[in-house]
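Source file: start_22.pdb; contents: PDB, C-alpha atoms.
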ATOM      1  CA  MET T   1     -96.241 128.345 109.685
ATOM      2  CA  ASP T   2     -98.851 128.040 106.934
ATOM      3  CA  MET T   3     -99.062 131.813 106.611
ATOM      4  CA  ILE T   4     -95.318 132.340 106.230
ATOM      5  CA  LEU T   5     -95.179 129.568 103.619
ATOM      6  CA  PHE T   6     -97.971 131.292 101.719
ATOM      7  CA  SER T   7     -96.256 134.665 102.026
ATOM      8  CA  ILE T   8     -92.955 133.269 100.749
ATOM      9  CA  LEU T   9     -94.304 131.031  97.987
ATOM     10  CA  TRP T  10     -97.244 132.997  96.560
ATOM     11  CA  ILE T  11     -95.285 135.446  94.378
ATOM     12  CA  PRO T  12     -92.887 132.779  92.955
ATOM     13  CA  ALA T  13     -95.851 130.499  92.245
ATOM     14  CA  LEU T  14     -97.775 133.298  90.560
ATOM     15  CA  TYR T  15     -94.737 134.173  88.448
ATOM     16  CA  LEU T  16     -94.339 130.578  87.293
ATOM     17  CA  PHE T  17     -98.035 130.433  86.408
ATOM     18  CA  VAL T  18     -97.809 133.646  84.389
ATOM     19  CA  GLU T  19     -94.637 132.382  82.716
ATOM     20  CA  ALA T  20     -96.438 129.201  81.704
ATOM     21  CA  LEU T  21     -99.072 131.279  79.907
ATOM     22  CA  GLN T  22     -96.548 133.100  77.724
ATOM     23  CA  GLN T  23     -95.955 132.097  74.131
ATOM     24  CA  PRO T  24     -92.610 130.323  73.577
ATOM     25  CA  ARG T  25     -89.826 132.682  72.582
ATOM     26  CA  ASP T  26     -86.109 133.227  72.993
ATOM     27  CA  PRO T  27     -84.976 133.477  76.606
ATOM     28  CA  GLU T  28     -84.721 137.048  77.797
ATOM     29  CA  LYS T  29     -82.274 136.392  80.580
ATOM     30  CA  LYS T  30     -81.019 139.932  80.894
ATOM     31  CA  GLY T  31     -84.383 141.203  82.048
ATOM     32  CA  MET T  32     -84.699 138.356  84.536
ATOM     33  CA  VAL T  33     -81.252 139.048  85.967
ATOM     34  CA  LEU T  34     -81.966 142.766  86.285
ATOM     35  CA  ALA T  35     -85.279 142.030  87.983
ATOM     36  CA  VAL T  36     -83.750 139.635  90.510
ATOM     37  CA  ILE T  37     -80.802 141.944  91.243
ATOM     38  CA  GLY T  38     -83.057 144.976  91.567
ATOM     39  CA  GLY T  39     -85.496 143.114  93.779
ATOM     40  CA  SER T  40     -82.703 141.755  95.963
ATOM     41  CA  CYS T  41     -81.186 145.211  96.459
ATOM     42  CA  PHE T  42     -84.587 146.664  97.249
ATOM     43  CA  ALA T  43     -85.342 143.815  99.666
ATOM     44  CA  VAL T  44     -82.155 144.551 101.606
ATOM     45  CA  LEU T  45     -82.869 148.286 101.684
ATOM     46  CA  TYR T  46     -86.511 147.606 102.498
ATOM     47  CA  PHE T  47     -85.379 145.619 105.525
ATOM     48  CA  PHE T  48     -82.908 148.138 106.924
ATOM     49  CA  ILE T  49     -84.036 151.633 105.926
ATOM     50  CA  PRO T  50     -86.521 153.479 108.152
ATOM     51  CA  GLN T  51     -90.165 153.313 107.170
ATOM     52  CA  PHE T  52     -91.759 156.279 105.455
ATOM     53  CA  VAL T  53     -94.621 156.301 107.962
ATOM     54  CA  PRO T  54     -94.553 154.964 111.557
ATOM     55  CA  GLU T  55     -95.903 151.417 111.708
ATOM     56  CA  GLY T  56     -98.145 152.200 114.660
ATOM     57  CA  ALA T  57    -100.025 154.933 112.811
ATOM     58  CA  PHE T  58    -103.812 154.951 112.519
ATOM     59  CA  GLY T  59    -106.373 156.593 110.281
ATOM     60  CA  PHE T  60    -105.053 158.400 107.224
ATOM     61  CA  LEU T  61    -101.457 157.901 108.345
ATOM     62  CA  ARG T  62    -102.104 154.160 108.375
ATOM     63  CA  PHE T  63    -103.337 154.444 104.798
ATOM     64  CA  LEU T  64    -100.108 156.228 103.851
ATOM     65  CA  TYR T  65     -98.148 153.541 105.677
ATOM     66  CA  GLY T  66     -99.982 150.911 103.659
ATOM     67  CA  PHE T  67     -99.301 152.712 100.393
ATOM     68  CA  PHE T  68     -95.610 153.482 100.862
ATOM     69  CA  ASP T  69     -94.360 150.751 103.177
ATOM     70  CA  VAL T  70     -96.562 147.743 102.499
ATOM     71  CA  VAL T  71     -98.788 147.498  99.423
ATOM     72  CA  ALA T  72     -98.238 149.887  96.525
ATOM     73  CA  LEU T  73     -94.664 151.189  96.520
ATOM     74  CA  PRO T  74     -92.987 147.737  96.410
ATOM     75  CA  VAL T  75     -94.886 147.104  93.153
ATOM     76  CA  LEU T  76     -94.651 150.599  91.679
ATOM     77  CA  LEU T  77     -90.857 150.770  91.984
ATOM     78  CA  PRO T  78     -90.091 147.805  89.683
ATOM     79  CA  LEU T  79     -92.849 148.974  87.357
ATOM     80  CA  VAL T  80     -91.212 152.391  86.995
ATOM     81  CA  PHE T  81     -87.746 150.830  86.722
ATOM     82  CA  ARG T  82     -88.923 148.527  83.932
ATOM     83  CA  TYR T  83     -90.387 151.427  81.970
ATOM     84  CA  LEU T  84     -87.173 153.413  82.378
ATOM     85  CA  LEU T  85     -85.287 150.459  80.909
ATOM     86  CA  GLN T  86     -87.733 150.349  78.039
ATOM     87  CA  ILE T  87     -87.243 154.055  77.345
ATOM     88  CA  ARG T  88     -83.448 153.900  77.659
ATOM     89  CA  TYR T  89     -82.881 150.689  75.695
ATOM     90  CA  ARG T  90     -85.649 150.521  73.139
ATOM     91  CA  HIS T  91     -83.695 148.152  70.911
ATOM     92  CA  GLN T  92     -83.221 145.511  73.607
ATOM     93  CA  LYS T  93     -85.770 142.915  74.599
ATOM     94  CA  TYR T  94     -86.690 142.347  78.196
ATOM     95  CA  ILE T  95     -89.217 140.060  79.786
ATOM     96  CA  GLU T  96     -92.817 141.238  79.899
ATOM     97  CA  ILE T  97     -93.527 143.971  82.396
ATOM     98  CA  HIS T  98     -95.681 141.894  84.736
ATOM     99  CA  GLN T  99     -93.080 139.130  84.706
ATOM    100  CA  PHE T 100     -90.365 141.667  85.497
ATOM    101  CA  VAL T 101     -92.350 142.981  88.462
ATOM    102  CA  LEU T 102     -93.067 139.476  89.766
ATOM    103  CA  MET T 103     -89.408 138.488  89.460
ATOM    104  CA  TRP T 104     -88.446 141.660  91.333
ATOM    105  CA  LEU T 105     -90.907 140.843  94.106
ATOM    106  CA  ILE T 106     -89.628 137.315  94.729
ATOM    107  CA  PRO T 107     -86.691 138.351  96.974
ATOM    108  CA  VAL T 108     -88.827 141.119  98.481
ATOM    109  CA  ALA T 109     -91.529 138.591  99.387
ATOM    110  CA  LEU T 110     -88.948 136.238 100.893
ATOM    111  CA  VAL T 111     -87.443 138.922 103.117
ATOM    112  CA  LYS T 112     -90.728 140.488 104.158
ATOM    113  CA  GLY T 113     -92.347 137.100 104.743
ATOM    114  CA  ILE T 114     -89.654 136.206 107.250
ATOM    115  CA  GLN T 115     -89.820 139.642 108.860
ATOM    116  CA  TRP T 116     -93.616 139.710 109.091
ATOM    117  CA  ASN T 117     -93.749 136.184 110.488
ATOM    118  CA  ILE T 118     -92.513 137.564 113.811
ATOM    119  CA  ASN T 119     -95.971 138.972 114.517
ATOM    120  CA  LYS T 120     -97.899 136.197 112.717
ATOM    121  CA  ASP T 121    -100.144 138.856 111.158
ATOM    122  CA  PRO T 122    -102.455 137.278 108.535
ATOM    123  CA  ILE T 123    -102.987 140.678 106.909
ATOM    124  CA  LEU T 124     -99.292 140.941 106.081
ATOM    125  CA  LEU T 125     -98.671 137.256 105.438
ATOM    126  CA  VAL T 126    -101.733 136.504 103.287
ATOM    127  CA  LEU T 127    -103.533 139.646 102.138
ATOM    128  CA  VAL T 128    -100.469 141.681 101.153
ATOM    129  CA  PRO T 129     -98.933 138.994  98.868
ATOM    130  CA  LEU T 130    -102.334 138.659  97.187
ATOM    131  CA  LEU T 131    -102.468 142.420  96.659
ATOM    132  CA  TRP T 132     -98.896 142.448  95.357
ATOM    133  CA  GLY T 133     -99.803 139.784  92.842
ATOM    134  CA  ALA T 134    -102.942 141.656  91.824
ATOM    135  CA  LEU T 135    -101.044 144.905  91.267
ATOM    136  CA  SER T 136     -98.122 143.177  89.533
ATOM    137  CA  ILE T 137    -100.433 141.935  86.803
ATOM    138  CA  GLY T 138    -103.262 144.464  86.916
ATOM    139  CA  LEU T 139    -101.175 147.642  86.656
ATOM    140  CA  PRO T 140     -99.158 146.585  83.562
ATOM    141  CA  TRP T 141    -102.364 145.366  81.924
ATOM    142  CA  LEU T 142    -104.037 148.740  82.462
ATOM    143  CA  ILE T 143    -100.952 150.593  81.237
ATOM    144  CA  ASN T 144    -100.849 148.476  78.083
ATOM    145  CA  LYS T 145    -104.522 149.230  77.538
ATOM    146  CA  ALA T 146    -103.810 152.939  77.947
ATOM    147  CA  GLU T 147    -101.058 152.753  75.327
ATOM    148  CA  GLU T 148    -103.325 150.897  72.908
ATOM    149  CA  GLU T 149    -106.251 153.288  73.251
ATOM    150  CA  ILE T 150    -106.475 156.954  72.345
ATOM    151  CA  GLY T 151    -108.259 159.921  73.830
ATOM    152  CA  PHE T 152    -110.639 159.441  76.718
ATOM    153  CA  LEU T 153    -110.269 155.656  76.867
ATOM    154  CA  SER T 154    -106.521 156.043  77.235
ATOM    155  CA  PHE T 155    -107.045 158.552  80.039
ATOM    156  CA  LEU T 156    -109.428 156.159  81.797
ATOM    157  CA  SER T 157    -106.872 153.361  81.652
ATOM    158  CA  TYR T 158    -104.122 155.554  83.072
ATOM    159  CA  ALA T 159    -106.489 156.770  85.771
ATOM    160  CA  GLY T 160    -107.308 153.136  86.471
ATOM    161  CA  THR T 161    -103.676 152.409  87.303
ATOM    162  CA  VAL T 162    -103.707 155.102  89.977
ATOM    163  CA  LEU T 163    -107.105 154.027  91.243
ATOM    164  CA  LEU T 164    -106.101 150.365  91.420
ATOM    165  CA  SER T 165    -103.110 151.200  93.623
ATOM    166  CA  LEU T 166    -105.337 153.236  95.918
ATOM    167  CA  ILE T 167    -108.017 150.529  96.057
ATOM    168  CA  ALA T 168    -105.458 147.865  96.976
ATOM    169  CA  THR T 169    -104.082 150.113  99.708
ATOM    170  CA  ALA T 170    -107.606 150.853 100.907
ATOM    171  CA  ALA T 171    -108.255 147.102 101.152
ATOM    172  CA  TYR T 172    -105.230 146.755 103.429
ATOM    173  CA  TRP T 173    -106.279 149.784 105.478
ATOM    174  CA  ALA T 174    -109.874 148.584 105.847
ATOM    175  CA  TRP T 175    -108.745 145.108 106.882
ATOM    176  CA  PHE T 176    -106.382 146.572 109.458
ATOM    177  CA  SER T 177    -109.199 148.800 110.742
ATOM    178  CA  LYS T 178    -111.511 145.747 110.938
ATOM    179  CA  LEU T 179    -113.899 147.312 108.435
ATOM    180  CA  TYR T 180    -114.498 143.959 106.785
ATOM    181  CA  ILE T 181    -117.669 145.110 105.043
ATOM    182  CA  ALA T 182    -115.437 147.407 102.983
ATOM    183  CA  ALA T 183    -112.218 145.379 103.036
ATOM    184  CA  ILE T 184    -113.576 142.316 101.244
ATOM    185  CA  PRO T 185    -115.158 144.193  98.282
ATOM    186  CA  LEU T 186    -112.066 146.396  97.958
ATOM    187  CA  ALA T 187    -109.796 143.360  97.883
ATOM    188  CA  ILE T 188    -111.975 141.681  95.247
ATOM    189  CA  VAL T 189    -112.050 144.814  93.081
ATOM    190  CA  SER T 190    -108.273 145.216  93.321
ATOM    191  CA  MET T 191    -107.811 141.641  92.094
ATOM    192  CA  PHE T 192    -110.319 141.847  89.242
ATOM    193  CA  PRO T 193    -107.975 143.211  86.497
ATOM    194  CA  SER T 194    -105.340 140.565  87.201
ATOM    195  CA  LEU T 195    -107.926 137.778  87.250
ATOM    196  CA  TRP T 196    -109.387 139.062  83.988
ATOM    197  CA  TYR T 197    -105.949 139.061  82.372
ATOM    198  CA  LEU T 198    -105.035 135.581  83.638
ATOM    199  CA  ILE T 199    -108.335 134.016  82.600
ATOM    200  CA  LYS T 200    -108.186 135.653  79.172
ATOM    201  CA  LYS T 201    -104.568 134.572  78.709
ATOM    202  CA  TYR T 202    -105.345 131.044  79.851
ATOM    203  CA  ILE T 203    -108.161 130.755  77.313
ATOM    204  CA  GLU T 204    -105.874 132.032  74.546
ATOM    205  CA  VAL T 205    -103.143 129.540  75.430
ATOM    206  CA  THR T 206    -105.474 126.561  75.694
ATOM    207  CA  LYS T 207    -107.036 127.369  72.323
ATOM    208  CA  SER T 208    -103.700 127.734  70.517
TER     209      SER T 208
END

Let me see whether you can do it: turn the structure in this file into structure tokens.
Amino acid sequence: MDMILFSILWIPALYLFVEALQQPRDPEKKGMVLAVIGGSCFAVLYFFIPQFVPEGAFGFLRFLYGFFDVVALPVLLPLVFRYLLQIRYRHQKYIEIHQFVLMWLIPVALVKGIQWNINKDPILLVLVPLLWGALSIGLPWLINKAEEEIGFLSFLSYAGTVLLSLIATAAYWAWFSKLYIAAIPLAIVSMFPSLWYLIKKYIEVTKS
């Protein structure tokens, strides 16, 4: 029961914490509505459509299963959708990218938490929400860094977004494979950018 509560509540709690760190501004309800609607539609499809890779796969196929069906794709989809909105409607304001992704993931986390609770798997109920949260904040932060920098530093930041997704997936894969000596460092590394952003933002807010 504790694991399903964590799985269901972690993403909403993380969103509220991130929201509390933002500077006061006019409500950007349209972005929130789009995020919730998009996440709800994806959650329904995510529940009913066939998986990209069989769940019982092992080895490299298990890594692909982790990337597409568990860890990375649920975060990458709202990230891409948010950037498409930004390109299409440059004149309109939407909520920050990481907030958009977290809002999108709330219904996804609710549906998957209930579904995963059938097997009581701590990897899915605890580790995956943590990785979702890490990617939801870490990927937009790296992308923003890439847009701010030029040349090689920009390339490194963009490469970091790809690498972070792979590291988070590798953490899931290693944990599933009981390679804890690799799983724990990989999980910590995948969470480092998001922790760095949150700590830095918290310091900025408390000083202002």

Residue IDs satisfying the PyMOL selection byres ((chain T and resi 114-124) around 8), as a PDB file with C-alpha atoms, in the frame of the given file:
ATOM      1  CA  MET T   3     -99.062 131.813 106.611  1.00  0.00           C
ATOM      2  CA  ILE T   4     -95.318 132.340 106.230  1.00  0.00           C
ATOM      3  CA  ILE T   8     -92.955 133.269 100.749  1.00  0.00           C
ATOM      4  CA  LEU T 110     -88.948 136.238 100.893  1.00  0.00           C
ATOM      5  CA  VAL T 111     -87.443 138.922 103.117  1.00  0.00           C
ATOM      6  CA  LYS T 112     -90.728 140.488 104.158  1.00  0.00           C
ATOM      7  CA  GLY T 113     -92.347 137.100 104.743  1.00  0.00           C
ATOM      8  CA  LEU T 125     -98.671 137.256 105.438  1.00  0.00           C
ATOM      9  CA  VAL T 126    -101.733 136.504 103.287  1.00  0.00           C
ATOM     10  CA  LEU T 127    -103.533 139.646 102.138  1.00  0.00           C
ATOM     11  CA  VAL T 128    -100.469 141.681 101.153  1.00  0.00           C
ATOM     12  CA  PRO T 129     -98.933 138.994  98.868  1.00  0.00           C
ATOM     13  CA  TYR T 172    -105.230 146.755 103.429  1.00  0.00           C
ATOM     14  CA  TRP T 175    -108.745 145.108 106.882  1.00  0.00           C
ATOM     15  CA  PHE T 176    -106.382 146.572 109.458  1.00  0.00           C
TER      16      PHE T 176
END

Any idea what's packed within 12 Å of Ser194 in chain T, counting all atoms listed in the file, ignoring anything in its chain fewer than 5 positions away? Could you give it as a PyMOL selection string?
chain T and resi 14+18+98+130-142+161+164+187-189+199-201

Size and centre in Å, one decimal, axis-aligned box, all listed range 42-51 of chain T atoms plus 8 Å per side, as AutoDock Vina command-line options:
--center_x -86.2 --center_y 148.6 --center_z 102.7 --size_x 24.0 --size_y 25.7 --size_z 26.9

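Restricting the calculation to only C-alpha atoms, the smallest distance between Asp69 in chain T and any of T:Tyr83, T:Ser154, T:Ala43, T:Arg88 is found for T:Ala43.
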
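Here CA of Leu166 in chain T stands at a distance of 12.4 Å from CA of Phe60 in chain T.
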
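Rounded to one decimal, CA of Gln99 in chain T and CA of Thr206 in chain T lie 19.8 Å from each other.
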
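Here CA of Ala146 in chain T and CA of Leu84 in chain T stand 17.2 Å from one another.
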
T:Ala170, T:Leu179, T:Leu186, T:Lys207 ranked by distance to Phe63 in chain T, top pick (using only C-alpha atoms)
T:Ala170

Within 8 Å of (-86.3, 142.1, 92.3), in the coordinates the file gives, what residues turn up when you count all atoms listed in the file, written out as number ranges by chain?
T: 34-43, 78, 100-108

Residue neighbourhood range 79-82 of chain T, 7 Å, all atoms listed in the file, exclusion window fewer than 4 positions, as a PyMOL selection string
chain T and resi 75+86+97+101
